Amino acid sequence: MGQRNDAALVRGALDRAAAELPRLALSPQTGRTICRAWHRFGDFATAAHGNRPVADLTHKTVGEFVHARHDDGSLPSTAAMHWRRSAIRLLYRIWRNLDLADGDPTLDLRLPPRSSLATRPLTDDEVAVCRWASLATPVETRLPAAWALAEAGATSGEIATVRGVDVDLQAQTVRLGGSTKTDARTAALTEWGAVQLRRRVNMPGRDRAAAVVYEGSGSPESAQASVSGAIGDVLRRAGLGDE
């Protein structure tokens with residue numbers, strides 16, 4: 001069987017996806033946990049079918065895995081089901097990028113909310129999905145730069161005003177100008193964020209004095225709305241628009 005067909009089988013496709021994880025600069029623990037979840041999914045999906053093709057996996061298969069009981073027979077908690085769904089959502093996003101799958105069987109998989117709060121912090125697995133979602137294409141730089149600044153704690157209004165000269169790539173920090181609700185400060189970038197801002201700021205012909213994310217010439221309100229739209233776009237692509 002050829003390499004292309006081998007990769008289209010679940011086992012080969014899982015290995016291909018695992019090879020892509022370093023691009024997300026996750027913590028070693030998060031990376032290992034995601035890989036374990038993927039391989040548990042692979043075991044679950046192929047238990048009765050052998051090493052089946054990725055194309056044979058159905059919404060039902062994914063749903064049954066997300067809701068599957070633990071090894072001791074206990075029911076999974078809401079957090080566990082969300083973790084499984086996020087891991088498989090990331091897996092399918094990578095598979096689609098590698099042309100190993102079409103669609104995303106997790107998008108219509110509804111689960112109870114993780115929290116009763118109106119807003120909540122993203123979990124590590126959700127951050128991983130969002131990082132990949134921002135990398136819509138190999139040449140995309142604006143969305144990952146916006147997400148990198150958000151990870152650093154910048155508000156949408158602050159992100160809109162960050163310029164290339166505000167980014168210290170050597171120190172992996174960014175100077176934020178503050179707002180009516182935040183003070184001016186220097187924020188640390190994540191390892192992944194520093195990579196994305198380096199890609200954006202060092203684009204050939206790009207003016208270091210130009211705004212990093214906002215590409216228009218409108219009012220501050222328009223700039224903030226544009227950035228909010230970019231962050232919302234990443235969340236929707238990650239399947240978290242309703243969370």
# chains A, B, ... in the order shown; residues from 1 in each chain; ligands from 1
>>> closest_atom_pairs(of="region 147-190 of chain A", to="region 199-208 of chain A", cutoff="10 Å", atoms="only C-alpha atoms", output="tab-separated table")
residue	atom	partner	partner_atom	distance
A:Arg163	CA	A:Arg208	CA	6.8
A:Gly164	CA	A:Arg208	CA	4.4
A:Val165	CA	A:Arg208	CA	5.5
A:Asp166	CA	A:Arg208	CA	8.8
A:Val167	CA	A:Val201	CA	8.3
A:Leu169	CA	A:Val201	CA	9.2
>>> select_by_dssp(residues="region 39-241 of chain A", states="helix (DSSP H, G or I)", output="ChimeraX atom specification")
/A:39-46,54-56,59-66,78-97,124-134,142-151,156-161,164-166,191-201,220-237
>>> residues_around(residues="region 15-29 of chain A", least_positions_apart="4", cutoff="10 Å", atoms="only C-alpha atoms", output="ChimeraX atom specification")
/A:7-8,10-11,33-35,38-39,90-95,97-98,100,124-125,127-132,135,190-193,195
>>> residues_around(residues="Thr78 (chain A)", least_positions_apart="6", cutoff="8 Å", atoms="only C-alpha atoms", output="VMD selection string")
chain A and resid 111 to 114
>>> closest_residue(among="A:Ala154, A:Ala194, A:Leu75, A:Leu107", to="Gly178 (chain A)", atoms="only C-alpha atoms")
A:Ala154
>>> select_by_dssp(residues="region 48-229 of chain A", states="strand (DSSP E)", output="list of chain:residue names")
A:Val167, A:Asp168, A:Thr173, A:Val174, A:Arg175, A:Leu176, A:Arg185, A:Thr186, A:Ala187, A:Ala188
>>> write_last_selection(atoms="C-alpha atoms", output="short mmCIF file (atom, residue, chain, number, x, y, z; two decimals), in the first residue's frame")
data_model
loop_
_atom_site.label_atom_id
_atom_site.label_comp_id
_atom_site.auth_asym_id
_atom_site.auth_seq_id
_atom_site.Cartn_x
_atom_site.Cartn_y
_atom_site.Cartn_z
CA VAL A 167 7.33 44.08 19.83
CA ASP A 168 10.68 43.04 21.29
CA THR A 173 7.68 40.85 25.04
CA VAL A 174 5.26 43.46 23.73
CA ARG A 175 4.68 47.01 24.95
CA LEU A 176 0.97 47.68 25.50
CA ARG A 185 2.68 47.79 30.59
CA THR A 186 5.10 45.32 29.05
CA ALA A 187 3.62 41.84 28.60
CA ALA A 188 5.39 38.55 28.02
#
